[in-house]
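Trainee: Just passing along the structure, written as structure tokens.
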Amino acid sequence: MSPDRETEDLHLLSGAYALDALDDLERVRFEKHLRGCESCAAEVAELSDVAAELGSAQRVKAPDSLRTAVLAEVTRTPQQVPVVPRESTDSRPVTRYVGYAVAAVALVVAGIGIGQVVAVNDTQPELVAESSELVALATAPDTQVVRSSNDNGRFAYLVSQESNRAVMVGEGVQTPGNERTYQMWLLDAQGDAISMGVFEPNSTGEVVLPMEGDLAGAQGFAVTVEPSGGSQVATTDPIDVVQLA
Amino acid sequence: MKVVAATDVDFEPQDQIAMLIAEVGKGDESAFRELYELTADWVYGVTLRVLRDPSQSEEVAQEVLLEIWRTAARYDRTKGSGKAWIMTLAHRRAVDRVRSAQSGRDREQKVFDQSYEPEIDTVADTVETRLEQERVRRYLAELTDSQREAISLAYFKGYSQREVAQALDVPLGTVKTRMRDGLIRMRDAMGAAS
């Protein structure tokens with residue numbers, strides 16, 4: 001698919017996004033697009049208002065037990081405090097977010113408390129779900145962390161085989177080159193490579209790639225460099241391969 | 001006579017919910033109680049509509065309302081209305097729950113009943129509720145059957161766009177277009193009514 005065609009397709013996703021009809025990978029990709037596309041961001045805001053009307057019309061008197069529980073919890077639930085001054089949040093949102101996500105994972109991996117982690121990672125409301133997923137994964141009891149480092153960058157894979165979810169976090173990742181993209185592959189139990197999507201580092205070389213798939217019998221992951229838009233099957237030798245325990 | 005262009009009225013300067021969220025972000029518990037009174041029935045209602053199980057819905061609604069408390073300081077009004085922020089949190093949580101519960105099972109599709117009636121027998125207990133439902137019913141009536149069907153499967157049943165495509169046996173691109181065109185049509189109808 002040509003880049004133009006792909007962008008055109010992304011613009012069409014505003015409705016599905018507002019209705020939460022995208023899967024996690026599609027959502028991440030569209031949110032990345034949103035941060036650079038003002039017209040889509042404006043359209044999403046409007047269509048989300050429409051979706052909110054659909055939702056609020058479903059209003060049902062909430063049980064008293066909900067009110068009691070929520071108001072009691074609130075008195076003992078700490079709030080997230082903006083870590084950075086709000087004025088500066090517009091400067092480099094993508095970089096900032098990814099930076100915090102990387103920091104969040106690093107903290108979790110280092111065994112630092114979850115409270116501190118949730119306090120730094122979600123600078124943008126629409127990313128809250130994504131970030132909480134990352135934190136949930138980073139703290140899941142069965143999550144294994146596999147690290148690798150090569151000429152193209154440093155990568156950490158957080159993998160929960162029980163929940164069939166994984167996230168790859170990269171830093172110091174080199175750009176894949178003109179008209180090229182990185183593509184992530186899951187190596188399944190049979191040794192087949194299943195595409196987990198394409199990714200590119202942001203301007204400071206950071207990457208967060210959430211993944212979903214049948215991880216139970218998976219052998220590991222591989223990253224290849226492919227033509228823009230990705231390939232049906234890997235066309236180059238992997239630049240990174242990790243094996244799961 | 002209306003002289004304001006439709007796009008100019010989209011940003012609501014008097015967004016009461018957004019203002020309350022800002023207060024909640026500063027740790028104001030009484031602002032949170034006020035916000036709760038305004039939004040808890042919406043949050044509970046939408047999770048109930050998607051999950052269709054009162055105890056699960058209450059659990060998810062509680063998570064959402066606490067998430068509002070925890071993350072209020074991160075809400076950015078330039079990105080959307082306060083109501084949309086809250087309803088997106090609520091709907092997304094409900095959809096996540098329904099998808100993870102059903103991911104192991106075959107999501108066999110039934111032919112979707114095109115009439116828009118809440119399956120859960122909710123008593124419209126106030127005039128306000130009835131008016132709100134009537135208003136949304138009118139907006140939905142503006143849609144073509146195929147647009148309404150795609151939007152309803154996604155929003156009320158938590159189907160992904162791929163599942164909608166499969167259920168309706170139409171290409172994915174068609175589903176994307178129906179959802180977007182349908183919401184745009186509703187947006188225009190709402191703009192004209194306001």
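For the structure tokens, the naming scheme is as follows: chains receive sequential letters (A, B, ...) according to their order of presentation, residues are indexed from 1 within each chain, and ligands are indexed from 1 in presentation order.
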Neighbouring residues of Ser228 of chain A were defined as those with any atom within 7 Å, considering only C-alpha atoms; residues of the same chain fewer than 6 positions away were excluded. Please report them as an NGL selection string.
Mentor: :A and (179-181)
Trainee: Could you pull out the alpha helix (DSSP H) residues of segment 14-178 of chain B from DSSP and send them as number ranges by chain?
Mentor: B: 16-25, 29-51, 54-71, 82-102, 127-141, 145-157, 161-168, 172-178
Trainee: Please, could you write that set of residues out with C-alpha atoms as a JSON list (two decimals), in the first residue's frame?
Mentor:
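Result written to out09.json:
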[["chain", "number", "residue", "atom", "x", "y", "z"],
["B", 16, "GLN", "CA", -19.47, 22.70, 33.16],
["B", 17, "ILE", "CA", -18.15, 19.17, 33.27],
["B", 18, "ALA", "CA", -14.74, 20.26, 32.02],
["B", 19, "MET", "CA", -14.60, 22.92, 34.71],
["B", 20, "LEU", "CA", -15.52, 20.40, 37.38],
["B", 21, "ILE", "CA", -12.87, 18.00, 36.11],
["B", 22, "ALA", "CA", -10.31, 20.80, 36.47],
["B", 23, "GLU", "CA", -11.37, 21.32, 40.09],
["B", 24, "VAL", "CA", -11.27, 17.58, 40.75],
["B", 25, "GLY", "CA", -7.74, 17.59, 39.33],
["B", 29, "GLU", "CA", -13.56, 16.21, 46.78],
["B", 30, "SER", "CA", -16.74, 18.28, 46.81],
["B", 31, "ALA", "CA", -16.22, 19.02, 43.10],
["B", 32, "PHE", "CA", -15.87, 15.28, 42.60],
["B", 33, "ARG", "CA", -19.17, 14.64, 44.40],
["B", 34, "GLU", "CA", -20.81, 17.18, 42.12],
["B", 35, "LEU", "CA", -19.25, 15.54, 39.08],
["B", 36, "TYR", "CA", -20.43, 12.18, 40.36],
["B", 37, "GLU", "CA", -24.03, 13.38, 40.60],
["B", 38, "LEU", "CA", -23.86, 14.68, 37.04],
["B", 39, "THR", "CA", -22.19, 11.72, 35.38],
["B", 40, "ALA", "CA", -22.48, 8.50, 37.42],
["B", 41, "ASP", "CA", -25.81, 7.52, 35.85],
["B", 42, "TRP", "CA", -24.34, 7.97, 32.38],
["B", 43, "VAL", "CA", -21.27, 5.96, 33.26],
["B", 44, "TYR", "CA", -23.28, 3.17, 34.84],
["B", 45, "GLY", "CA", -25.83, 3.23, 32.03],
["B", 46, "VAL", "CA", -23.33, 2.90, 29.22],
["B", 47, "THR", "CA", -21.39, 0.10, 30.92],
["B", 48, "LEU", "CA", -24.67, -1.69, 31.59],
["B", 49, "ARG", "CA", -25.71, -1.31, 27.98],
["B", 50, "VAL", "CA", -22.46, -2.86, 26.74],
["B", 51, "LEU", "CA", -21.93, -5.49, 29.45],
["B", 54, "PRO", "CA", -25.45, -5.27, 36.61],
["B", 55, "SER", "CA", -22.71, -6.51, 38.93],
["B", 56, "GLN", "CA", -19.97, -6.35, 36.27],
["B", 57, "SER", "CA", -21.25, -2.97, 35.21],
["B", 58, "GLU", "CA", -21.09, -1.65, 38.71],
["B", 59, "GLU", "CA", -17.53, -2.91, 39.02],
["B", 60, "VAL", "CA", -16.48, -1.26, 35.76],
["B", 61, "ALA", "CA", -18.35, 1.95, 36.59],
["B", 62, "GLN", "CA", -16.49, 2.10, 39.89],
["B", 63, "GLU", "CA", -13.15, 1.70, 38.10],
["B", 64, "VAL", "CA", -14.07, 4.44, 35.66],
["B", 65, "LEU", "CA", -15.22, 6.89, 38.31],
["B", 66, "LEU", "CA", -12.05, 6.34, 40.32],
["B", 67, "GLU", "CA", -9.99, 6.72, 37.16],
["B", 68, "ILE", "CA", -11.66, 10.10, 36.67],
["B", 69, "TRP", "CA", -10.61, 11.07, 40.17],
["B", 70, "ARG", "CA", -7.06, 9.80, 39.70],
["B", 71, "THR", "CA", -6.39, 11.24, 36.26],
["B", 82, "GLY", "CA", -15.43, 16.96, 29.49],
["B", 83, "LYS", "CA", -18.42, 14.77, 28.78],
["B", 84, "ALA", "CA", -16.67, 13.09, 25.86],
["B", 85, "TRP", "CA", -13.61, 12.44, 28.03],
["B", 86, "ILE", "CA", -15.69, 10.73, 30.69],
["B", 87, "MET", "CA", -17.85, 8.77, 28.30],
["B", 88, "THR", "CA", -14.82, 7.62, 26.34],
["B", 89, "LEU", "CA", -13.20, 6.31, 29.53],
["B", 90, "ALA", "CA", -16.42, 4.52, 30.46],
["B", 91, "HIS", "CA", -17.17, 3.05, 27.06],
["B", 92, "ARG", "CA", -13.61, 1.95, 26.43],
["B", 93, "ARG", "CA", -13.42, 0.17, 29.77],
["B", 94, "ALA", "CA", -16.69, -1.60, 29.11],
["B", 95, "VAL", "CA", -15.59, -2.62, 25.63],
["B", 96, "ASP", "CA", -12.24, -3.86, 26.93],
["B", 97, "ARG", "CA", -14.10, -5.98, 29.45],
["B", 98, "VAL", "CA", -16.50, -7.43, 26.92],
["B", 99, "ARG", "CA", -13.70, -8.22, 24.47],
["B", 100, "SER", "CA", -11.48, -9.89, 27.02],
["B", 101, "ALA", "CA", -14.42, -11.92, 28.32],
["B", 102, "GLN", "CA", -15.31, -13.04, 24.84],
["B", 127, "VAL", "CA", -38.44, 13.77, 32.18],
["B", 128, "GLU", "CA", -34.85, 14.69, 31.47],
["B", 129, "THR", "CA", -33.91, 11.07, 30.79],
["B", 130, "ARG", "CA", -36.86, 10.61, 28.49],
["B", 131, "LEU", "CA", -35.99, 13.76, 26.57],
["B", 132, "GLU", "CA", -32.38, 12.72, 26.24],
["B", 133, "GLN", "CA", -33.35, 9.30, 24.92],
["B", 134, "GLU", "CA", -35.89, 10.80, 22.57],
["B", 135, "ARG", "CA", -33.28, 13.22, 21.24],
["B", 136, "VAL", "CA", -30.75, 10.46, 20.51],
["B", 137, "ARG", "CA", -33.48, 8.34, 18.95],
["B", 138, "ARG", "CA", -34.19, 11.22, 16.59],
["B", 139, "TYR", "CA", -30.53, 11.56, 15.64],
["B", 140, "LEU", "CA", -30.27, 7.83, 15.02],
["B", 141, "ALA", "CA", -33.36, 8.06, 12.85],
["B", 145, "ASP", "CA", -30.21, 1.50, 8.16],
["B", 146, "SER", "CA", -26.74, 0.31, 7.31],
["B", 147, "GLN", "CA", -25.07, 3.21, 9.12],
["B", 148, "ARG", "CA", -27.23, 2.70, 12.19],
["B", 149, "GLU", "CA", -26.51, -1.01, 12.19],
["B", 150, "ALA", "CA", -22.73, -0.53, 12.04],
["B", 151, "ILE", "CA", -22.74, 2.14, 14.75],
["B", 152, "SER", "CA", -25.04, 0.16, 17.04],
["B", 153, "LEU", "CA", -23.01, -3.05, 16.80],
["B", 154, "ALA", "CA", -19.84, -1.16, 17.62],
["B", 155, "TYR", "CA", -21.08, 1.18, 20.30],
["B", 156, "PHE", "CA", -23.73, -0.85, 22.07],
["B", 157, "LYS", "CA", -22.28, -4.33, 21.64],
["B", 161, "GLN", "CA", -14.77, -2.84, 13.13],
["B", 162, "ARG", "CA", -13.55, -6.21, 11.88],
["B", 163, "GLU", "CA", -16.26, -8.01, 13.80],
["B", 164, "VAL", "CA", -18.84, -5.61, 12.42],
["B", 165, "ALA", "CA", -17.58, -6.31, 8.90],
["B", 166, "GLN", "CA", -17.83, -10.03, 9.53],
["B", 167, "ALA", "CA", -21.26, -9.83, 11.13],
["B", 168, "LEU", "CA", -22.68, -7.76, 8.28],
["B", 172, "LEU", "CA", -13.92, -3.49, 6.25],
["B", 173, "GLY", "CA", -13.61, -0.28, 4.24],
["B", 174, "THR", "CA", -17.39, -0.12, 3.95],
["B", 175, "VAL", "CA", -17.74, -0.44, 7.70],
["B", 176, "LYS", "CA", -15.25, 2.37, 8.34],
["B", 177, "THR", "CA", -17.13, 4.62, 5.97],
["B", 178, "ARG", "CA", -20.54, 3.79, 7.41]]
Trainee: Could you list the residues in chain A lying within 9 Å of chain B, using only C-alpha atoms, and format the result as a ChimeraX atom specification?
Mentor: /A:9,12-16,18-23,41-63,65-67,69-71,73-75,77-82,86,122-126,128-129
Trainee: Please measure the separation of atom CA of Asp142 of chain A and atom CA of Arg165 of chain A, giving the value in Å to one decimal.
Mentor: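 Going from atom CA of Asp142 of chain A over to atom CA of Arg165 of chain A, I get 11.0 Å.
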Trainee: As an exercise, work out the distance from atom CA of Gln232 of chain A to atom CA of Gly217 of chain A in Å and give it to one decimal place.
Mentor: 21.8 Å
Trainee: Measuring atom to atom with only C-alpha atoms, identify which of A:Ala216, A:Leu34, A:Val242, A:Met168 is nearest to Gln190 of chain A.
Mentor: A:Ala216
Trainee: Interatomic distance between atom CA of Thr68 of chain A and atom CA of Gln14 of chain B?
Mentor: 29.5 Å
